[in-house]
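As provided, entry.tsv (TSV, C-alpha atoms) reads as follows.
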chain	number	residue	atom	x	y	z
A	706	MET	CA	6.12	82.67	47.97
A	707	LYS	CA	4.66	80.47	50.65
A	708	PHE	CA	4.38	76.70	50.68
A	709	GLY	CA	2.05	74.79	52.96
A	710	VAL	CA	3.09	71.22	53.70
A	711	VAL	CA	0.19	69.13	54.94
A	712	THR	CA	1.03	66.65	57.68
A	713	PHE	CA	-1.25	63.68	58.21
A	714	PRO	CA	-0.69	61.10	60.93
A	715	GLY	CA	1.73	58.78	59.13
A	716	SER	CA	3.19	61.33	56.72
A	717	ASN	CA	6.96	60.86	56.59
A	718	CYS	CA	8.14	63.09	53.74
A	719	ASP	CA	6.66	66.30	55.11
A	720	TYR	CA	10.04	67.22	56.57
A	721	ASP	CA	11.80	66.50	53.25
A	722	ALA	CA	9.33	68.74	51.42
A	723	TYR	CA	9.62	71.49	54.02
A	724	ARG	CA	13.45	71.43	53.97
A	725	ALA	CA	13.44	71.33	50.19
A	726	VAL	CA	11.60	74.60	49.78
A	727	VAL	CA	13.16	76.35	52.79
A	728	ASP	CA	16.79	75.21	52.54
A	729	THR	CA	17.22	74.74	48.82
A	730	PHE	CA	15.09	77.60	47.56
A	731	GLY	CA	14.95	79.95	50.55
A	732	GLU	CA	11.19	80.15	50.38
A	733	GLU	CA	8.76	80.33	53.25
A	734	ALA	CA	6.94	77.18	54.32
A	735	SER	CA	4.76	75.97	57.12
A	736	TYR	CA	3.40	72.65	58.24
A	737	ILE	CA	-0.36	72.34	58.16
A	738	TRP	CA	-1.81	69.75	60.52
A	739	HIS	CA	-4.48	67.54	59.00
A	740	LYS	CA	-7.09	68.75	61.48
A	741	ASP	CA	-6.59	72.39	60.56
A	742	HIS	CA	-9.08	74.34	58.51
A	743	ASP	CA	-6.59	77.03	57.62
A	744	LEU	CA	-4.01	76.78	54.85
A	745	GLN	CA	-2.08	79.66	56.45
A	746	ASP	CA	-2.08	81.70	53.24
A	747	ALA	CA	-0.05	79.08	51.38
A	748	ASP	CA	0.35	79.84	47.67
A	749	VAL	CA	1.31	76.25	46.96
A	750	VAL	CA	0.08	73.22	48.89
A	751	ILE	CA	2.26	70.12	49.07
A	752	LEU	CA	0.65	66.79	49.90
A	753	PRO	CA	3.73	64.83	50.96
A	754	GLY	CA	4.66	61.19	50.88
A	755	GLY	CA	4.23	58.69	53.67
A	756	PHE	CA	1.61	56.32	54.94
A	757	SER	CA	-1.23	58.52	56.09
A	758	TYR	CA	-3.48	56.66	58.52
A	759	GLY	CA	-1.27	53.62	58.08
A	760	ASP	CA	-2.65	53.11	54.55
A	761	TYR	CA	-5.65	51.52	56.27
A	762	LEU	CA	-8.43	50.47	53.90
A	763	ARG	CA	-6.52	51.85	50.86
A	764	PRO	CA	-3.67	54.36	50.64
A	765	GLY	CA	-5.19	57.82	50.92
A	766	ALA	CA	-8.73	56.59	51.50
A	767	ILE	CA	-9.06	57.97	55.01
A	768	ALA	CA	-6.79	61.01	54.65
A	769	ARG	CA	-9.09	62.40	52.01
A	770	PHE	CA	-11.71	63.00	54.70
A	771	SER	CA	-9.33	65.00	56.91
A	772	PRO	CA	-10.64	68.49	57.68
A	773	VAL	CA	-7.67	70.06	55.88
A	774	MET	CA	-8.53	68.26	52.65
A	775	GLN	CA	-11.73	70.30	52.31
A	776	GLU	CA	-9.51	73.39	52.29
A	777	VAL	CA	-7.04	71.81	49.87
A	778	ILE	CA	-9.89	70.94	47.51
A	779	ALA	CA	-11.19	74.52	47.73
A	780	HIS	CA	-7.67	75.85	47.09
A	781	ALA	CA	-7.35	73.59	44.04
A	782	LYS	CA	-10.76	74.70	42.74
A	783	ARG	CA	-9.62	78.32	42.97
A	784	GLY	CA	-6.68	77.37	40.74
A	785	GLY	CA	-4.13	77.19	43.55
A	786	PRO	CA	-1.20	74.88	42.83
A	787	VAL	CA	-1.13	71.51	44.58
A	788	LEU	CA	1.94	69.30	44.38
A	789	ALA	CA	0.92	65.78	45.39
A	790	ILE	CA	3.86	63.44	45.83
A	791	CYS	CA	3.70	59.68	46.39
A	792	ASN	CA	1.14	59.19	49.20
A	793	GLY	CA	-0.01	62.72	48.31
A	794	PHE	CA	-0.79	61.46	44.78
A	795	GLN	CA	-2.79	58.58	46.27
A	796	ILE	CA	-4.70	61.01	48.49
A	797	ALA	CA	-5.35	63.39	45.57
A	798	CYS	CA	-6.84	60.52	43.54
A	799	GLU	CA	-9.00	59.36	46.43
A	800	ALA	CA	-10.16	62.95	46.95
A	801	GLY	CA	-11.14	63.27	43.30
A	802	LEU	CA	-8.58	66.01	42.61
A	803	LEU	CA	-7.04	63.69	40.02
A	804	PRO	CA	-8.56	60.81	38.07
A	805	GLY	CA	-7.60	57.17	38.50
A	806	ALA	CA	-6.12	55.24	41.40
A	807	LEU	CA	-2.80	53.85	42.58
A	808	LEU	CA	-2.79	50.10	43.15
A	809	ARG	CA	-0.31	47.62	44.59
A	810	ASN	CA	2.84	47.40	42.47
A	811	GLU	CA	2.62	44.66	39.89
A	812	SER	CA	5.66	42.95	41.43
A	813	LEU	CA	4.04	43.12	44.90
A	814	GLN	CA	7.41	44.48	46.05
A	815	PHE	CA	8.04	47.81	47.69
A	816	VAL	CA	10.43	49.54	45.29
A	817	SER	CA	12.97	52.05	46.54
A	818	SER	CA	15.33	53.16	43.79
A	819	ALA	CA	16.23	55.91	41.38
A	820	VAL	CA	14.19	55.81	38.17
A	821	ASN	CA	14.34	57.60	34.84
A	822	LEU	CA	11.42	59.79	33.92
A	823	ARG	CA	10.70	61.42	30.60
A	824	VAL	CA	9.13	64.85	30.74
A	825	GLU	CA	6.10	64.45	28.49
A	826	ASN	CA	4.69	67.93	28.89
A	827	ALA	CA	7.01	70.85	29.59
A	828	SER	CA	4.32	73.49	29.43
A	829	THR	CA	2.69	72.88	32.81
A	830	MET	CA	3.31	75.22	35.75
A	831	PHE	CA	5.33	72.39	37.31
A	832	THR	CA	7.56	71.58	34.34
A	833	SER	CA	8.26	74.76	32.37
A	834	GLU	CA	11.93	74.68	33.37
A	835	TYR	CA	12.37	71.24	31.79
A	836	ARG	CA	12.65	70.45	28.10
A	837	GLU	CA	9.98	68.28	26.53
A	838	GLY	CA	11.40	64.78	26.15
A	839	GLN	CA	14.11	65.42	28.74
A	840	VAL	CA	15.05	62.33	30.73
A	841	ILE	CA	15.54	62.98	34.43
A	842	THR	CA	16.51	60.81	37.39
A	843	VAL	CA	14.31	60.93	40.46
A	844	PRO	CA	13.89	58.43	43.31
A	845	ILE	CA	10.79	56.41	44.01
A	846	ALA	CA	9.86	54.62	47.23
A	847	HIS	CA	6.46	53.00	47.20
A	848	GLY	CA	4.53	49.76	47.33
A	849	ASP	CA	1.31	51.08	45.80
A	850	GLY	CA	2.23	53.06	42.72
A	851	ARG	CA	0.58	51.28	39.83
A	852	PHE	CA	-1.46	54.00	38.17
A	853	THR	CA	-4.77	52.68	36.88
A	854	ALA	CA	-7.76	54.36	35.31
A	855	ASP	CA	-10.57	53.49	32.94
A	856	ASP	CA	-9.46	53.24	29.30
A	857	GLY	CA	-11.41	56.36	28.40
A	858	ILE	CA	-9.69	58.37	31.11
A	859	VAL	CA	-6.25	57.12	30.11
A	860	SER	CA	-6.76	58.09	26.47
A	861	ASP	CA	-8.12	61.45	27.55
A	862	LEU	CA	-5.04	62.04	29.72
A	863	GLU	CA	-2.79	61.09	26.82
A	864	GLU	CA	-4.60	63.16	24.21
A	865	THR	CA	-4.78	66.29	26.32
A	866	GLY	CA	-1.13	66.28	27.41
A	867	ARG	CA	-1.97	65.56	31.00
A	868	VAL	CA	0.56	62.75	31.30
A	869	VAL	CA	3.46	64.80	32.62
A	870	PHE	CA	6.04	62.15	33.53
A	871	ARG	CA	6.54	58.63	32.24
A	872	TYR	CA	8.87	55.87	33.45
A	873	VAL	CA	11.46	55.18	30.75
A	874	SER	CA	14.81	53.50	30.13
A	875	PRO	CA	17.99	55.59	30.53
A	876	ALA	CA	17.79	56.16	26.77
A	877	GLY	CA	14.32	57.60	27.20
A	878	GLU	CA	12.33	54.71	25.73
A	879	VAL	CA	9.19	53.22	27.25
A	880	ASP	CA	10.17	49.68	28.15
A	881	PRO	CA	8.35	47.31	30.53
A	882	ALA	CA	11.70	46.52	32.16
A	883	PHE	CA	11.86	50.15	33.30
A	884	ASN	CA	8.29	50.42	34.52
A	885	PRO	CA	8.83	49.91	38.26
A	886	ASN	CA	5.23	49.28	39.27
A	887	GLY	CA	3.24	48.25	36.21
A	888	SER	CA	1.49	51.60	35.73
A	889	VAL	CA	-0.71	51.79	32.66
A	890	ASN	CA	1.28	53.39	29.80
A	891	ALA	CA	4.16	53.73	32.28
A	892	ILE	CA	2.47	56.82	33.71
A	893	ALA	CA	4.43	58.33	36.62
A	894	GLY	CA	2.73	61.71	36.98
A	895	ILE	CA	-0.39	63.50	35.75
A	896	VAL	CA	-2.06	66.89	36.07
A	897	ASN	CA	-5.73	67.70	36.47
A	898	GLU	CA	-7.73	69.31	33.69
A	899	ALA	CA	-6.95	72.85	34.86
A	900	GLY	CA	-3.26	72.01	35.17
A	901	ASN	CA	-2.84	73.20	38.75
A	902	VAL	CA	-2.74	69.84	40.52
A	903	LEU	CA	0.23	67.56	39.82
A	904	GLY	CA	0.28	64.05	41.19
A	905	MET	CA	3.43	61.96	40.87
A	906	MET	CA	4.80	58.85	42.58
A	907	PRO	CA	8.49	59.86	42.28
A	908	HIS	CA	10.01	62.23	44.83
A	909	PRO	CA	11.35	65.46	43.28
A	910	GLU	CA	11.98	66.84	46.78
A	911	ARG	CA	14.59	64.13	47.25
A	912	ALA	CA	16.41	65.01	44.02
A	913	LEU	CA	17.79	68.45	44.77
A	914	ASP	CA	21.48	67.83	45.29
A	915	ASP	CA	23.99	65.92	43.17
A	916	THR	CA	25.77	64.68	46.27
A	917	LEU	CA	22.59	62.75	47.09
A	918	GLY	CA	22.37	61.25	43.61
A	919	SER	CA	20.44	63.74	41.53
A	920	SER	CA	19.43	67.36	41.34
A	921	ASP	CA	16.86	66.79	38.60
A	922	GLY	CA	14.00	67.67	40.91
A	923	ARG	CA	15.13	71.27	41.18
A	924	ALA	CA	13.57	72.37	37.90
A	925	LEU	CA	10.15	71.32	39.15
A	926	PHE	CA	10.35	73.76	42.06
A	927	GLU	CA	11.98	76.38	39.84
A	928	SER	CA	9.07	76.06	37.42
A	929	LEU	CA	6.59	76.63	40.23
A	930	LEU	CA	8.54	79.59	41.60
A	931	ALA	CA	8.78	81.19	38.17
A	932	LYS	CA	5.08	80.67	37.57
A	933	VAL	CA	3.67	81.71	40.90
A	934	GLU	CA	5.93	84.74	41.27
A	935	ALA	CA	5.26	85.92	37.74
B	306	MET	CA	-34.25	50.93	64.95
B	307	LYS	CA	-32.82	47.45	65.35
B	308	PRO	CA	-29.22	46.28	65.49
B	309	TYR	CA	-27.94	44.79	62.23
B	310	ARG	CA	-24.73	43.09	61.20
B	311	VAL	CA	-23.89	43.67	57.54
B	312	SER	CA	-21.12	41.85	55.67
B	313	VAL	CA	-19.49	43.32	52.60
B	314	HIS	CA	-17.11	41.71	50.11
B	315	ILE	CA	-14.81	44.05	48.21
B	316	THR	CA	-12.84	42.61	45.32
B	317	PRO	CA	-10.61	44.01	42.58
B	318	ARG	CA	-12.75	45.02	39.65
B	319	LYS	CA	-12.83	42.47	36.84
B	320	GLY	CA	-10.28	43.22	34.16
B	321	ILE	CA	-7.93	45.03	36.52
B	322	LEU	CA	-4.64	43.26	37.06
B	323	ASP	CA	-4.66	41.63	40.51
B	324	PRO	CA	-1.04	40.64	41.23
B	325	GLN	CA	-1.90	39.53	44.73
B	326	GLY	CA	-4.52	37.14	43.40
B	327	LYS	CA	-2.03	35.89	40.78
B	328	ALA	CA	0.61	35.26	43.45
B	329	VAL	CA	-1.84	33.28	45.56
B	330	GLU	CA	-2.98	31.35	42.47
B	331	GLY	CA	0.64	30.43	41.73
B	332	ALA	CA	1.19	29.32	45.31
B	333	LEU	CA	-1.93	27.14	45.23
B	334	HIS	CA	-0.75	25.54	41.98
B	335	SER	CA	2.61	24.71	43.51
B	336	LEU	CA	0.89	23.29	46.61
B	337	GLY	CA	-0.86	20.73	44.43
B	338	PHE	CA	-4.10	22.45	43.50
B	339	PRO	CA	-3.68	22.63	39.71
B	340	GLU	CA	-7.46	22.88	39.31
B	341	VAL	CA	-7.44	26.49	40.61
B	342	ARG	CA	-8.25	28.74	37.66
B	343	ASP	CA	-8.38	32.20	39.16
B	344	VAL	CA	-7.94	33.87	42.55
B	345	HIS	CA	-8.92	37.34	43.64
B	346	VAL	CA	-7.86	38.80	46.94
B	347	GLY	CA	-10.11	41.42	48.42
B	348	ARG	CA	-11.45	42.58	51.76
B	349	HIS	CA	-14.28	41.42	53.94
B	350	ILE	CA	-15.77	44.12	56.13
B	351	VAL	CA	-18.31	43.48	58.87
B	352	ILE	CA	-20.36	46.45	60.00
B	353	GLU	CA	-22.48	46.52	63.10
B	354	THR	CA	-25.11	49.17	62.64
B	355	GLU	CA	-28.71	50.07	63.32
B	356	ALA	CA	-31.55	50.28	60.85
B	357	ALA	CA	-35.33	50.08	60.71
B	358	ASN	CA	-35.21	47.00	58.51
B	359	ASP	CA	-33.06	44.80	56.30
B	360	ASP	CA	-33.43	46.99	53.21
B	361	GLU	CA	-32.46	50.11	55.05
B	362	ALA	CA	-29.40	48.42	56.55
B	363	ARG	CA	-28.25	47.31	53.11
B	364	ASP	CA	-28.96	50.66	51.55
B	365	SER	CA	-26.97	52.51	54.15
B	366	VAL	CA	-23.99	50.14	53.77
B	367	ARG	CA	-24.18	50.50	50.00
B	368	ARG	CA	-23.74	54.26	50.43
B	369	MET	CA	-20.81	53.64	52.79
B	370	CYS	CA	-19.21	51.50	50.09
B	371	GLU	CA	-19.71	54.15	47.44
B	372	ARG	CA	-18.22	56.88	49.62
B	373	LEU	CA	-15.42	55.14	51.46
B	374	LEU	CA	-15.24	51.38	51.72
B	375	ALA	CA	-14.65	50.63	48.02
B	376	ASN	CA	-12.86	52.62	45.35
B	377	PRO	CA	-15.22	52.83	42.39
B	378	VAL	CA	-12.28	53.05	39.97
B	379	THR	CA	-10.73	49.75	40.93
B	380	GLU	CA	-13.05	47.73	43.13
B	381	ASP	CA	-16.42	46.01	43.07
B	382	PHE	CA	-18.41	45.37	46.20
B	383	GLU	CA	-21.14	42.99	47.15
B	384	ILE	CA	-23.26	43.18	50.26
B	385	GLU	CA	-23.34	39.59	51.32
B	386	SER	CA	-25.79	39.61	54.18
B	387	ALA	CA	-27.63	41.83	56.56
B	388	SER	CA	-28.94	40.06	59.62
B	389	GLU	CA	-30.68	41.25	62.70
B	390	ARG	CA	-28.54	40.65	65.72

Could you show the structure in this file as structure tokens?
Amino acid sequence: MKFGVVTFPGSNCDYDAYRAVVDTFGEEASYIWHKDHDLQDADVVILPGGFSYGDYLRPGAIARFSPVMQEVIAHAKRGGPVLAICNGFQIACEAGLLPGALLRNESLQFVSSAVNLRVENASTMFTSEYREGQVITVPIAHGDGRFTADDGIVSDLEETGRVVFRYVSPAGEVDPAFNPNGSVNAIAGIVNEAGNVLGMMPHPERALDDTLGSSDGRALFESLLAKVEA
Amino acid sequence: MKPYRVSVHITPRKGILDPQGKAVEGALHSLGFPEVRDVHVGRHIVIETEAANDDEARDSVRRMCERLLANPVTEDFEIESASER
């Protein structure tokens, strides 16, 4: 299985994502430069974290017009999996691959810490190796992670099981004290209608080894591998 | 075609939490401006462009706002002025 990691000017988690799939899972991966028109036969596209184009105008606003994004959008429309992490989530929203937008954290602070997420939907291609309701620990590192969408879109996401991860307390309860950025309904990750594009602010690619704090991100990649290789 | 300068104001959409505006509001209160009731922090963009007339200049900048300059989910925009340079 082949992963394609898109690199924009200002991406800084592309290396993490690449090493995650190559070193931890022994899969093939390649970097795809933002000016490329070729996804190099990637089965799964990763839009990594970082500060593409310096977050100028709005995070993701300019990256969405990169040549490669036309190919990523076409890949997503064909049903190809897209894993959009952190800045990748912001880009996916700007590109219309996912609904809503990511705004400045409510606290106005950049937050870099481990957070607890509850797996709200364990039947997506990204989460089948988790249990529904499972509480996992994954790091976040962002200043613009407050998920926002029109009320109608939020209720649609909730009713159709498209809220995949939610920020919770260690006990697994939604609690404003454990919502690191003020996201509506403590939403940390969502999928598109077809279920093949996941956007999430937390970094599963940085949670693959207990010696680095958590290996709870592994099941996300294992889910994808099980699904795409099936 | 004539040269135009078009100014755009982009502000957080009403009803969307604007923590930056709230922080500035709090700072103004503590500086001795208790009369301040609400603050919104947005962006001001000045575009130098060319158009046949004022309407065309505004129309073209409106399309720029819809496609790139403002996020329709979270922001409102207002074209403040279009003046021939």

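With all atoms listed in the file taken into account, chain A has A:Leu762, A:Ala766, A:Ile767, A:Glu799, A:Gly805, A:Ala806, A:Arg809, A:Asn810, A:Glu811, A:Ser812, A:Leu813, A:Thr853, A:Ala854, A:Asp855 at most 8 Å from chain B.
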
Dump of C-alpha atoms for the selected residues, as a PDB file, in the coordinates of the input:
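As a result, part.pdb now contains:
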ATOM      1  CA  LEU A 762      -8.430  50.470  53.900  1.00  0.00           C
ATOM      2  CA  ALA A 766      -8.730  56.590  51.500  1.00  0.00           C
ATOM      3  CA  ILE A 767      -9.060  57.970  55.010  1.00  0.00           C
ATOM      4  CA  GLU A 799      -9.000  59.360  46.430  1.00  0.00           C
ATOM      5  CA  GLY A 805      -7.600  57.170  38.500  1.00  0.00           C
ATOM      6  CA  ALA A 806      -6.120  55.240  41.400  1.00  0.00           C
ATOM      7  CA  ARG A 809      -0.310  47.620  44.590  1.00  0.00           C
ATOM      8  CA  ASN A 810       2.840  47.400  42.470  1.00  0.00           C
ATOM      9  CA  GLU A 811       2.620  44.660  39.890  1.00  0.00           C
ATOM     10  CA  SER A 812       5.660  42.950  41.430  1.00  0.00           C
ATOM     11  CA  LEU A 813       4.040  43.120  44.900  1.00  0.00           C
ATOM     12  CA  THR A 853      -4.770  52.680  36.880  1.00  0.00           C
ATOM     13  CA  ALA A 854      -7.760  54.360  35.310  1.00  0.00           C
ATOM     14  CA  ASP A 855     -10.570  53.490  32.940  1.00  0.00           C
TER      15      ASP A 855
END

Interface rows for segment 796-859 of chain A against segment 909-913 of chain A: nearest pair, Å to one decimal, 9 Å, all atoms listed in the file, as a tab-separated table:
residue	atom	partner	partner_atom	distance
A:Thr842	CA	A:Ala912	CA	7.8
A:Val843	CA	A:Ala912	CA	5.8
A:Pro844	CA	A:Arg911	CA	7.0

What's around segment 857-870 of chain A at 8 Å? Count only C-alpha atoms, leave out sequence neighbours fewer than 6 positions away in its own chain, and write the answer as a ChimeraX atom specification.
/A:804-805,822-827,892-898,900,905

Atom CA of His908 of chain A to atom CA of Ile845 of chain A: how many Å, to one decimal?
5.9 Å

Considering all atoms listed in the file, can you say which of B:Leu336, B:Val346, B:Val351, B:Ala356 comes closest to Tyr309 of chain B?
B:Ala356

Record the distance separating atom CA of Val873 of chain A and atom CA of Phe794 of chain A, expressed in Å with one decimal.
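Separation between atom CA of Val873 of chain A and atom CA of Phe794 of chain A: 19.7 Å.
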
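The gap separating atom CA of Gly765 of chain A from atom CA of Arg318 of chain B is 18.7 Å, in Å to one decimal.
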
Need to verify the contact set: Gly785 of chain A, 9 Å, only C-alpha atoms, exclusion of same-chain residues closer than 3 positions in sequence. Can you return it as a compact mmCIF listing (two decimals) with C-alpha atoms, in the coordinates of the input?
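What follows is the written file result.txt:
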# COMPACT_ATOMS: atom_id res chain seq x y z
CA ASP A 748 0.35 79.84 47.67
CA VAL A 749 1.31 76.25 46.96
CA VAL A 750 0.08 73.22 48.89
CA VAL A 777 -7.04 71.81 49.87
CA ALA A 779 -11.19 74.52 47.73
CA HIS A 780 -7.67 75.85 47.09
CA ALA A 781 -7.35 73.59 44.04
CA LYS A 782 -10.76 74.70 42.74
CA ASN A 901 -2.84 73.20 38.75
CA VAL A 902 -2.74 69.84 40.52

For each of A:Leu808, A:Val773, A:Val726, A:Met706, take the minimum atom-to-atom distance to Lys932 of chain A, counting only C-alpha atoms, then give the residue where this is smallest.
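Answer, going by the shortest atom-to-atom distance: A:Met706.
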